[in-house]
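Listing of work.txt, compact mmCIF, C-alpha atoms (C1' of nucleotides)
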# COMPACT_ATOMS: atom_id res chain seq x y z
CA MET A 24 16.22 111.05 59.21
CA SER A 25 19.12 113.36 59.57
CA ARG A 26 18.88 115.90 56.86
CA LYS A 27 16.04 114.70 54.71
CA PRO A 28 13.56 117.47 54.00
CA MET A 29 10.56 115.16 54.05
CA LEU A 30 8.96 115.67 50.67
CA ARG A 31 5.56 114.35 49.86
CA PRO A 32 5.60 110.80 48.57
CA GLY A 33 5.80 110.71 44.79
CA GLY A 34 8.23 113.61 44.65
CA ARG A 35 11.62 113.03 43.17
CA SER A 36 13.42 113.25 46.52
CA ALA A 37 11.17 110.60 47.98
CA ARG A 38 11.78 108.32 45.01
CA VAL A 39 15.53 108.71 45.33
CA GLN A 40 15.41 108.02 49.04
CA GLN A 41 13.37 104.87 48.54
CA ALA A 42 15.67 103.68 45.78
CA VAL A 43 18.78 104.29 47.87
CA HIS A 44 17.39 102.69 51.02
CA GLY A 45 16.22 99.74 48.96
CA ALA A 46 19.64 99.41 47.40
CA VAL A 47 21.25 99.32 50.83
CA ARG A 48 18.91 96.56 51.96
CA GLU A 49 19.41 94.50 48.82
CA LEU A 50 23.17 94.79 48.79
CA THR A 51 23.42 94.10 52.50
CA ALA A 52 21.54 90.87 51.93
CA GLU A 53 23.57 89.94 48.87
CA LEU A 54 27.10 90.97 49.75
CA GLY A 55 27.08 91.62 53.46
CA ARG A 56 27.16 94.93 55.20
CA ASP A 57 30.93 95.36 55.12
CA ALA A 58 31.06 95.19 51.34
CA LEU A 59 28.90 98.29 50.87
CA THR A 60 30.34 101.46 49.43
CA VAL A 61 28.67 104.66 48.36
CA PRO A 62 29.40 104.16 44.65
CA LEU A 63 28.07 100.61 44.83
CA VAL A 64 24.85 101.61 46.53
CA ALA A 65 24.38 104.53 44.17
CA ALA A 66 24.81 102.32 41.12
CA ARG A 67 22.23 99.84 42.38
CA ALA A 68 19.82 102.64 43.19
CA GLY A 69 20.30 104.17 39.76
CA VAL A 70 21.60 107.50 41.01
CA THR A 71 25.01 109.10 40.92
CA PRO A 72 27.28 108.89 43.94
CA SER A 73 27.27 112.64 44.39
CA THR A 74 23.57 112.49 45.12
CA VAL A 75 24.19 110.13 48.00
CA TYR A 76 27.06 112.20 49.33
CA ARG A 77 24.96 115.35 49.15
CA ARG A 78 21.94 113.90 50.87
CA TRP A 79 23.55 111.70 53.50
CA GLY A 80 27.07 113.00 53.88
CA ASP A 81 28.71 109.59 54.03
CA LEU A 82 28.01 105.89 54.10
CA ARG A 83 27.70 105.75 57.88
CA GLU A 84 24.88 108.25 58.02
CA LEU A 85 23.05 106.39 55.30
CA LEU A 86 23.48 103.08 57.11
CA SER A 87 22.29 104.76 60.29
CA ASP A 88 19.07 105.84 58.63
CA VAL A 89 18.44 102.38 57.23
CA ALA A 90 19.25 100.77 60.58
CA VAL A 91 16.68 102.92 62.36
CA GLU A 92 14.05 101.85 59.85
CA ARG A 93 14.83 98.25 60.65
CA LEU A 94 14.66 98.83 64.38
CA ARG A 95 11.13 100.21 64.14
CA PRO A 96 8.72 97.77 65.84
CA GLU A 97 6.38 96.13 63.39
CA ALA A 98 3.45 95.51 65.69
CA PRO A 99 2.17 96.64 69.07
CA PRO A 100 3.22 94.37 71.95
CA ALA A 101 1.13 91.22 72.38
CA ASP A 102 -1.56 91.07 75.07
CA HIS A 103 -0.97 88.28 77.59
CA GLY A 104 -3.58 89.31 80.10
CA ASP A 105 -1.63 91.15 82.76
CA LEU A 106 1.19 93.62 83.19
CA SER A 107 3.79 91.17 84.37
CA ALA A 108 3.24 88.79 81.48
CA ASP A 109 3.11 91.57 78.90
CA LEU A 110 6.25 93.26 80.12
CA THR A 111 8.15 90.01 80.48
CA ALA A 112 7.25 88.91 76.98
CA TRP A 113 8.15 92.27 75.52
CA ALA A 114 11.50 92.40 77.32
CA GLU A 115 12.40 88.86 76.30
CA GLU A 116 11.66 89.57 72.67
CA PHE A 117 13.49 92.88 72.80
CA LEU A 118 16.57 91.28 74.28
CA GLU A 119 16.53 88.44 71.82
CA GLU A 120 16.23 90.68 68.79
CA MET A 121 18.64 93.33 69.93
CA SER A 122 21.35 91.00 71.19
CA SER A 123 21.36 88.88 68.04
CA PRO A 124 24.27 89.54 65.69
CA PRO A 125 22.16 91.47 63.16
CA GLY A 126 20.45 93.36 65.96
CA ARG A 127 23.77 94.45 67.37
CA VAL A 128 24.92 95.60 63.96
CA TYR A 129 21.78 97.71 63.52
CA ILE A 130 22.15 99.30 66.93
CA ARG A 131 25.77 100.13 66.31
CA ASP A 132 25.01 101.53 62.87
CA ALA A 133 22.16 103.59 64.22
CA LEU A 134 24.33 105.10 66.95
CA LEU A 135 27.33 105.44 64.76
CA GLY A 136 26.40 107.60 61.85
CA ASP A 137 24.33 109.97 63.87
CA PRO A 138 26.03 113.31 64.48
CA ASP A 139 23.07 115.03 66.12
CA GLY A 140 21.59 112.10 68.03
CA THR A 141 18.33 112.13 66.11
CA ASN A 142 18.47 108.47 65.16
CA ALA A 143 19.49 107.30 68.61
CA GLY A 144 16.60 109.28 70.04
CA GLN A 145 14.27 107.64 67.57
CA CYS A 146 15.37 104.18 68.69
CA SER A 147 14.71 105.07 72.28
CA ALA A 148 11.34 106.51 71.34
CA TYR A 149 10.34 103.24 69.69
CA ALA A 150 11.00 101.33 72.91
CA ALA A 151 9.21 103.98 74.96
CA GLU A 152 6.14 103.74 72.72
CA GLN A 153 5.96 99.98 73.06
CA ILE A 154 6.33 100.17 76.82
CA ASP A 155 3.75 102.91 77.04
CA ALA A 156 1.28 100.74 75.17
CA VAL A 157 1.82 97.92 77.66
CA LEU A 158 1.45 100.22 80.67
CA THR A 159 -1.62 101.99 79.31
CA ARG A 160 -3.30 98.67 78.68
CA ALA A 161 -2.49 97.52 82.21
CA ARG A 162 -3.94 100.69 83.70
CA ALA A 163 -7.09 100.20 81.67
CA ARG A 164 -7.40 96.82 83.41
CA GLY A 165 -7.11 98.52 86.78
CA GLU A 166 -3.53 97.52 87.50
CA THR A 167 -1.12 99.99 89.03
CA THR A 168 2.02 100.45 86.97
CA PRO A 169 5.40 102.11 87.15
CA ASP A 170 5.92 104.92 84.68
CA VAL A 171 7.70 104.61 81.37
CA GLU A 172 10.90 106.26 82.56
CA THR A 173 11.21 103.77 85.38
CA VAL A 174 10.82 100.84 83.02
CA ILE A 175 13.46 102.31 80.76
CA ASP A 176 15.88 102.79 83.65
CA LYS A 177 15.35 99.37 85.16
CA VAL A 178 14.71 97.12 82.19
CA VAL A 179 15.72 98.66 78.87
CA ALA A 180 18.90 100.39 80.00
CA PRO A 181 20.49 97.33 81.64
CA MET A 182 19.76 95.20 78.60
CA MET A 183 21.14 97.78 76.22
CA TYR A 184 24.21 98.37 78.36
CA ARG A 185 25.08 94.71 78.28
CA ILE A 186 24.38 94.41 74.57
CA LEU A 187 26.78 97.24 73.83
CA PHE A 188 29.46 96.76 76.46
CA ARG A 189 29.35 93.10 77.45
CA PRO A 190 27.97 90.95 74.66
CA GLU A 191 28.77 87.69 76.46
CA GLY A 192 26.17 85.51 78.09
CA LEU A 193 22.96 87.39 77.45
CA GLU A 194 19.92 85.16 77.61
CA THR A 195 16.21 85.64 78.10
CA PRO A 196 16.29 84.81 81.81
CA TYR A 197 18.12 88.09 82.33
CA ALA A 198 15.20 90.00 80.80
CA ARG A 199 12.72 88.10 82.95
CA GLN A 200 14.74 88.80 86.07
CA LEU A 201 14.87 92.53 85.37
CA VAL A 202 11.11 92.71 84.96
CA SER A 203 10.47 90.68 88.12
CA SER A 204 12.80 92.87 90.09
CA LEU A 205 11.05 95.96 88.79
CA LEU A 206 7.55 94.76 89.65
CA GLU A 207 8.37 93.19 93.02
CA THR A 208 10.39 95.92 94.65
CA ARG A 209 7.73 98.51 94.10
CA GLU A 210 6.20 100.69 96.79
CA ASP A 211 5.89 103.96 94.90
CA MET B 26 43.87 96.69 72.02
CA SER B 27 42.44 94.99 69.02
CA ARG B 28 45.29 93.31 67.21
CA LYS B 29 48.33 94.56 68.96
CA PRO B 30 50.70 91.76 69.87
CA MET B 31 51.88 93.41 73.07
CA LEU B 32 55.61 93.60 72.64
CA ARG B 33 57.86 94.47 75.49
CA PRO B 34 58.37 98.21 75.93
CA GLY B 35 61.40 99.40 74.04
CA GLY B 36 60.70 97.18 71.06
CA ARG B 37 60.01 98.72 67.71
CA SER B 38 56.34 97.87 67.73
CA ALA B 39 55.89 99.54 71.09
CA ARG B 40 57.65 102.66 69.87
CA VAL B 41 55.48 102.84 66.79
CA GLN B 42 52.33 102.40 68.83
CA GLN B 43 53.32 105.16 71.22
CA ALA B 44 54.22 107.48 68.37
CA VAL B 45 50.93 106.85 66.58
CA HIS B 46 48.78 107.20 69.68
CA GLY B 47 50.64 110.37 70.56
CA ALA B 48 50.09 111.73 67.07
CA VAL B 49 46.36 111.08 67.38
CA ARG B 50 46.21 112.97 70.67
CA GLU B 51 48.24 115.89 69.38
CA LEU B 52 46.33 116.26 66.14
CA THR B 53 42.99 115.88 67.88
CA ALA B 54 43.94 118.77 70.13
CA GLU B 55 45.27 120.89 67.29
CA LEU B 56 42.84 120.26 64.45
CA GLY B 57 39.85 118.56 66.01
CA ARG B 58 38.91 114.94 65.79
CA ASP B 59 37.05 115.22 62.48
CA ALA B 60 40.12 116.50 60.67
CA LEU B 61 42.14 113.34 61.33
CA THR B 62 43.09 111.03 58.51
CA VAL B 63 45.39 108.03 58.47
CA PRO B 64 48.01 109.69 56.26
CA LEU B 65 47.97 112.77 58.50
CA VAL B 66 48.44 110.78 61.69
CA ALA B 67 51.12 108.64 60.12
CA ALA B 68 53.06 111.68 58.97
CA ARG B 69 52.98 113.22 62.43
CA ALA B 70 54.04 109.93 63.99
CA GLY B 71 56.89 109.56 61.55
CA VAL B 72 55.68 106.28 60.07
CA THR B 73 54.23 105.38 56.71
CA PRO B 74 50.47 105.10 56.29
CA SER B 75 50.71 101.44 55.41
CA THR B 76 52.03 100.73 58.88
CA VAL B 77 48.91 102.24 60.41
CA TYR B 78 46.63 100.38 58.03
CA ARG B 79 48.36 97.10 58.76
CA ARG B 80 48.32 97.46 62.52
CA TRP B 81 44.92 99.04 63.07
CA GLY B 82 42.95 98.31 59.92
CA ASP B 83 41.41 101.75 59.64
CA LEU B 84 41.14 105.10 61.35
CA ARG B 85 38.13 104.06 63.42
CA GLU B 86 39.91 101.20 65.12
CA LEU B 87 42.83 103.45 65.90
CA LEU B 88 40.55 106.10 67.36
CA SER B 89 38.81 103.41 69.35
CA ASP B 90 42.07 102.32 70.95
CA VAL B 91 43.00 105.88 71.81
CA ALA B 92 39.53 106.57 73.19
CA VAL B 93 39.75 103.59 75.54
CA GLU B 94 43.04 104.89 76.87
CA ARG B 95 41.39 108.20 77.62
CA LEU B 96 38.47 106.56 79.37
CA ARG B 97 40.76 104.75 81.79
CA PRO B 98 40.21 106.17 85.28
CA GLU B 99 43.22 108.04 86.55
CA ALA B 100 42.76 107.50 90.26
CA PRO B 101 40.79 105.24 92.60
CA PRO B 102 37.48 106.72 93.73
CA ALA B 103 37.70 109.22 96.58
CA ASP B 104 36.86 108.16 100.14
CA HIS B 105 34.01 110.16 101.65
CA GLY B 106 33.47 108.06 104.72
CA ASP B 107 30.50 105.88 103.80
CA LEU B 108 29.06 103.88 100.94
CA SER B 109 26.31 106.29 100.05
CA ALA B 110 28.62 109.27 99.83
CA ASP B 111 31.29 107.35 97.92
CA LEU B 112 28.88 105.93 95.39
CA THR B 113 27.07 109.20 94.90
CA ALA B 114 30.28 111.09 94.33
CA TRP B 115 31.55 108.49 91.93
CA ALA B 116 28.30 108.40 89.95
CA GLU B 117 28.11 112.18 89.73
CA GLU B 118 31.63 112.42 88.44
CA PHE B 119 31.10 109.56 86.01
CA LEU B 120 27.98 111.16 84.60
CA GLU B 121 29.58 114.54 84.31
CA GLU B 122 32.63 113.25 82.48
CA MET B 123 30.83 110.81 80.24
CA SER B 124 27.99 113.09 79.26
CA SER B 125 30.25 116.00 78.37
CA PRO B 126 30.79 116.55 74.66
CA PRO B 127 34.31 115.10 74.67
CA GLY B 128 33.20 112.22 76.87
CA ARG B 129 30.44 111.34 74.44
CA VAL B 130 32.88 111.43 71.54
CA TYR B 131 35.23 109.04 73.35
CA ILE B 132 32.45 106.63 74.19
CA ARG B 133 31.21 106.60 70.64
CA ASP B 134 34.70 106.15 69.25
CA ALA B 135 35.41 103.34 71.67
CA LEU B 136 32.23 101.51 70.70
CA LEU B 137 32.54 102.33 67.06
CA GLY B 138 35.81 100.95 65.84
CA ASP B 139 35.59 97.79 67.83
CA PRO B 140 34.74 94.74 65.74
CA ASP B 141 35.18 92.18 68.48
CA GLY B 142 33.91 94.13 71.46
CA THR B 143 37.23 94.12 73.28
CA ASN B 144 37.36 97.86 73.76
CA ALA B 145 33.77 98.15 74.88
CA GLY B 146 34.40 95.40 77.39
CA GLN B 147 37.43 97.27 78.66
CA CYS B 148 35.36 100.41 79.26
CA SER B 149 32.87 98.42 81.24
CA ALA B 150 35.66 96.77 83.18
CA TYR B 151 37.03 100.17 84.19
CA ALA B 152 33.70 101.15 85.70
CA ALA B 153 33.36 97.78 87.40
CA GLU B 154 36.81 98.13 88.96
CA GLN B 155 36.01 101.54 90.38
CA ILE B 156 32.72 100.36 91.79
CA ASP B 157 34.33 97.30 93.23
CA ALA B 158 36.85 99.48 95.04
CA VAL B 159 34.03 101.51 96.58
CA LEU B 160 32.10 98.43 97.65
CA THR B 161 35.14 96.65 99.07
CA ARG B 162 36.00 99.68 101.12
CA ALA B 163 32.46 99.88 102.43
CA ARG B 164 32.48 96.22 103.45
CA ALA B 165 35.76 96.76 105.25
CA ARG B 166 33.93 99.41 107.27
CA GLY B 167 31.26 96.87 108.16
CA GLU B 168 28.59 98.21 105.80
CA THR B 169 26.43 95.84 103.81
CA THR B 170 26.57 96.49 100.09
CA PRO B 171 24.91 95.43 96.88
CA ASP B 172 27.14 93.56 94.46
CA VAL B 173 28.91 95.09 91.50
CA GLU B 174 26.50 93.72 88.92
CA THR B 175 23.58 95.32 90.72
CA VAL B 176 25.28 98.69 90.78
CA ILE B 177 26.00 98.38 87.09
CA ASP B 178 22.39 97.50 86.29
CA LYS B 179 20.86 100.21 88.44
CA VAL B 180 23.32 103.08 88.21
CA VAL B 181 25.79 102.75 85.37
CA ALA B 182 23.45 101.31 82.76
CA PRO B 183 20.74 103.98 83.10
CA MET B 184 23.31 106.74 82.87
CA MET B 185 24.98 105.21 79.85
CA TYR B 186 21.69 104.54 78.13
CA ARG B 187 20.70 108.17 78.43
CA ILE B 188 24.11 109.40 77.35
CA LEU B 189 23.92 107.33 74.19
CA PHE B 190 20.23 107.47 73.33
CA ARG B 191 18.86 110.62 74.94
CA PRO B 192 21.54 113.23 75.36
CA GLU B 193 19.08 115.90 76.52
CA GLY B 194 18.78 117.07 80.08
CA LEU B 195 21.32 114.96 81.91
CA GLU B 196 22.43 116.53 85.16
CA THR B 197 24.07 115.34 88.34
CA PRO B 198 20.78 115.06 90.28
CA TYR B 199 19.94 112.13 88.05
CA ALA B 200 23.06 110.28 89.20
CA ARG B 201 22.26 111.05 92.82
CA GLN B 202 18.73 109.82 92.41
CA LEU B 203 19.83 106.51 90.90
CA VAL B 204 22.20 105.85 93.80
CA SER B 205 19.57 106.76 96.40
CA SER B 206 17.04 104.51 94.76
CA LEU B 207 19.56 101.67 94.72
CA LEU B 208 20.49 101.99 98.39
CA GLU B 209 17.00 102.65 99.74
CA THR B 210 15.02 99.92 98.06
CA ARG B 211 17.29 97.19 99.23
CA GLU B 212 16.24 94.13 101.15
CA ASP B 213 18.47 91.53 99.55
C1' DT C 29 77.90 85.85 65.58
C1' DC C 30 74.57 84.22 62.25
C1' DA C 31 70.17 82.75 60.69
C1' DC C 32 65.29 83.67 61.29
C1' DT C 33 60.95 86.13 61.78
C1' DA C 34 57.84 89.74 62.34
C1' DA C 35 56.95 94.27 61.37
C1' DA C 36 57.98 98.63 58.83
C1' DG C 37 59.24 101.07 54.48
C1' DC C 38 58.30 101.88 49.79
C1' DT C 39 55.73 102.27 45.39
C1' DA C 40 52.18 102.08 42.12
C1' DA C 41 47.50 101.07 41.01
C1' DG C 42 42.83 101.49 42.16
C1' DA C 43 38.82 103.27 44.66
C1' DC C 44 36.51 106.68 47.05
C1' DT C 45 35.40 111.61 48.01
C1' DT C 46 34.85 116.40 47.01
C1' DA C 47 33.64 120.57 44.46
C1' DG C 48 31.84 123.28 40.76
C1' DC C 49 28.90 123.70 37.13
C1' DT C 50 24.89 122.18 34.24
C1' DT C 51 20.48 120.16 33.76
C1' DT C 52 15.97 118.60 35.21
C1' DA C 53 11.77 117.93 38.03
C1' DG C 54 8.43 120.00 40.70
C1' DT C 55 6.25 124.24 42.57
C1' DT C 56 4.36 128.77 42.46
C1' DT C 57 2.59 132.78 40.31
C1' DC C 58 0.40 135.41 36.74
C1' DG D 22 -2.55 126.81 31.50
C1' DA D 23 2.05 128.73 30.72
C1' DA D 24 6.27 130.80 32.35
C1' DA D 25 9.49 131.90 36.00
C1' DC D 26 11.57 130.02 40.05
C1' DT D 27 13.83 126.77 43.25
C1' DA D 28 15.66 122.72 45.03
C1' DA D 29 17.73 118.61 44.02
C1' DA D 30 20.06 115.43 40.72
C1' DG D 31 23.43 114.65 36.92
C1' DC D 32 27.98 115.12 35.31
C1' DT D 33 33.07 115.68 35.27
C1' DA D 34 37.63 116.26 36.84
C1' DA D 35 40.89 116.73 40.51
C1' DG D 36 42.50 115.30 44.80
C1' DT D 37 42.91 112.11 48.56
C1' DC D 38 42.71 107.88 50.72
C1' DT D 39 43.24 102.79 50.60
C1' DT D 40 45.11 98.48 49.14
C1' DA D 41 48.54 95.12 47.71
C1' DG D 42 53.04 93.31 46.66
C1' DC D 43 57.64 93.44 47.32
C1' DT D 44 61.93 94.98 49.76
C1' DT D 45 64.32 96.24 53.81
C1' DT D 46 65.23 96.51 58.69
C1' DA D 47 65.00 95.61 63.69
C1' DG D 48 64.81 92.40 67.13
C1' DT D 49 65.04 87.26 68.63
C1' DG D 50 66.94 82.82 69.36
C1' DA D 51 70.25 79.23 68.13
Translate the structure described by the file into structure tokens.
Amino acid sequence: MSRKPMLRPGGRSARVQQAVHGAVRELTAELGRDALTVPLVAARAGVTPSTVYRRWGDLRELLSDVAVERLRPEAPPADHGDLSADLTAWAEEFLEEMSSPPGRVYIRDALLGDPDGTNAGQCSAYAAEQIDAVLTRARARGETTPDVETVIDKVVAPMMYRILFRPEGLETPYARQLVSSLLETRED
Amino acid sequence: MSRKPMLRPGGRSARVQQAVHGAVRELTAELGRDALTVPLVAARAGVTPSTVYRRWGDLRELLSDVAVERLRPEAPPADHGDLSADLTAWAEEFLEEMSSPPGRVYIRDALLGDPDGTNAGQCSAYAAEQIDAVLTRARARGETTPDVETVIDKVVAPMMYRILFRPEGLETPYARQLVSSLLETRED
DNA sequence: TCACTAAAGCTAAGACTTAGCTTTAGTTTC
DNA sequence: GAAACTAAAGCTAAGTCTTAGCTTTAGTGA
């Protein structure tokens, strides 16, 4: 979502965008991400390369846009009855998805081809939305909760830091431990 | 440090590496990072482009190596007399350097052209070393300290997450607040 | 000193990228 | 409803980067 003027669906721009994004997904599945080139994607999408270069600038920005789409959560977080269970389950799933090889590729792509930080911000907003849903639900039950920023600092940020900078030895217990530590040591 | 066989200084490989790294630094200063190309760097370094392609693979991996060099701390953290002051000063400086426009470019470059995660791991190791120095000094004074991993989770990771995913509104008070929160809420 | 090996130099072919101009699809106005 | 208008896509050619194969050189070890 870097420089796309957001036309109404059905317009030509929207069709081209769908075709190009679809081509990226298909070719990634068929040939692997590293085999993609702008001319290849354009051919599959049925457009000329110059269209892709004009709209996205280069392959990295295009891959960044597609990666953000893939990182969008597909469903609201599951309800396990209380804050601790909800947050633990969400964090475990987040860590598992994001630290998997494809997850890491998507995160890197999203960060990478993103001159203005829009796509990175979008990724963070997705996580914040999911967390907010969990916290809002807990408050509706009468539980007291930390705020979203605190959860991001104490749970999301450590997981993401390790995914990006220290890919070794990341397992679900780490997510569980971060959530426990957040909810125990709380007197605010 | 991706695929460099680490020859003894004085060897031809070492000379070429120095010349190429130097060329990247010079041209970045003169023309800006976005103007760099492999043929341009090679010409300045006095080598042929194929040498650069063979050794580094592509421009991104080369930029990643140079970025890691620049992210290496130049001096051990300053001694301010106690743990809280030392850690606060270190975190403030870290945040200021890393969140500056050039700092952000280096971090992205380091992460970006880094297929195996070696360079990212090196960046993290630099921070861990600095923190370890601060903590060791504090223990020598008789202070009790958290361990390095805890400081990384609670101070470094939140700062880095925001630098990468939410570049807006990052100021030194945030670093100070993370350190205070770490040292206050501690009963382990 | 001589053989050996790893890395750099060289060259040509191929692929990607850029820029300018033309054409088309979709919108707005009369 | 038709004609002018605009934004985006198509097309083409030139330039640049990238790759691959082979040759040469510098440094190492017998």
Quick one: which residues from chain D are at most 8 Å off chain A, using only C-alpha atoms (C1' of nucleotides), as a PDB file with C-alpha atoms (C1' of nucleotides), keeping the file's coordinate frame?
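Ended up saving to part_9.pdb:
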ATOM      1  C1'  DA D  29      17.730 118.610  44.020  1.00  0.00           C
ATOM      2  C1'  DA D  30      20.060 115.430  40.720  1.00  0.00           C
ATOM      3  C1'  DG D  31      23.430 114.650  36.920  1.00  0.00           C
TER       4       DG D  31
END
Could you list, as a short mmCIF file (atom, residue, chain, number, x, y, z; two decimals) with C-alpha atoms, in the coordinates of the input, every residue of chain B that has an atom within 6 Å of an atom of chain A, counting all atoms listed in the file?
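Result file is selection12.cif:
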data_model
loop_
_atom_site.label_atom_id
_atom_site.label_comp_id
_atom_site.auth_asym_id
_atom_site.auth_seq_id
_atom_site.Cartn_x
_atom_site.Cartn_y
_atom_site.Cartn_z
CA ALA B 145 33.77 98.15 74.88
CA GLY B 146 34.40 95.40 77.39
CA ASP B 178 22.39 97.50 86.29
CA ALA B 182 23.45 101.31 82.76
CA PRO B 183 20.74 103.98 83.10
CA TYR B 186 21.69 104.54 78.13
CA PHE B 190 20.23 107.47 73.33
CA ARG B 191 18.86 110.62 74.94
#
ask   = For chain A, which residue out of C:DC38, C:DC49, C:DA43, C:DC58 is the nearest one, using all atoms listed in the file?
value =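 Among the listed residues, C:DA43 lies closest to chain A.
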key: Of the listed residues A:Gln41, A:Leu193, A:Val202, A:Arg160, that which approaches Leu85 of chain A most closely, counting only C-alpha atoms   =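 Closest to Leu85 of chain A, using only C-alpha atoms: A:Gln41.
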Interface residues on chain C facing chain B, 8 Å, all atoms listed in the file, written as a list of chain:residue names =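 So the contacting residues turn out to be C:DA35, C:DA36, C:DG37.
As for atom CA of His103 of chain A and atom CA of Glu116 of chain A, they are spaced 13.6 Å apart.
Between atom CA of Arg201 of chain B and atom CA of Leu118 of chain A the separation is 27.7 Å.
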request  = Dump as a PyMOL selection string all residues having an atom at most 8 Å from (36.2, 111.1, 46.0), computed in the file's coordinates with all atoms listed in the file.
outcome  = (chain C and resi 44-46) or (chain D and resi 36-37)
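Computed from the coordinates, the atom C1' of DT46 of chain D to atom CA of Asp90 of chain B distance equals 26.8 Å.
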request  = Just the residues within 9 Å of Leu84 of chain B, please, counting all atoms listed in the file, with nothing from its chain fewer than 2 positions along; format it as a VMD selection string.
outcome  = chain B and resid 61 to 63 77 to 78 81 to 82 86 to 89 138
message = Can you pull out the residues contacting Thr159 of chain A? Cut-off 12 Å, using only C-alpha atoms (C1' of nucleotides), and skip same-chain residues under 4 positions away; I want them as a VMD selection string.
response = chain A and resid 100 102 105 to 106 109 to 110 151 to 155 163 to 171
key: Residues within 12 Å of DA25 of chain D, all atoms listed in the file, excluding chain neighbours under 2 positions, as number ranges by chain   = C: 55-58; D: 23, 27
request  = Please provide the set of residues having any atom within 12 Å of DT33 of chain C, restricted to only C-alpha atoms (C1' of nucleotides), with same-chain residues fewer than 3 positions apart removed, written as number ranges by chain.
outcome  = D: 46-50
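The residue that comes closest to Arg67 of chain A, out of A:Gly45, A:Pro196, A:Pro138, A:Gly55 and on the basis of all atoms listed in the file, is A:Gly45.
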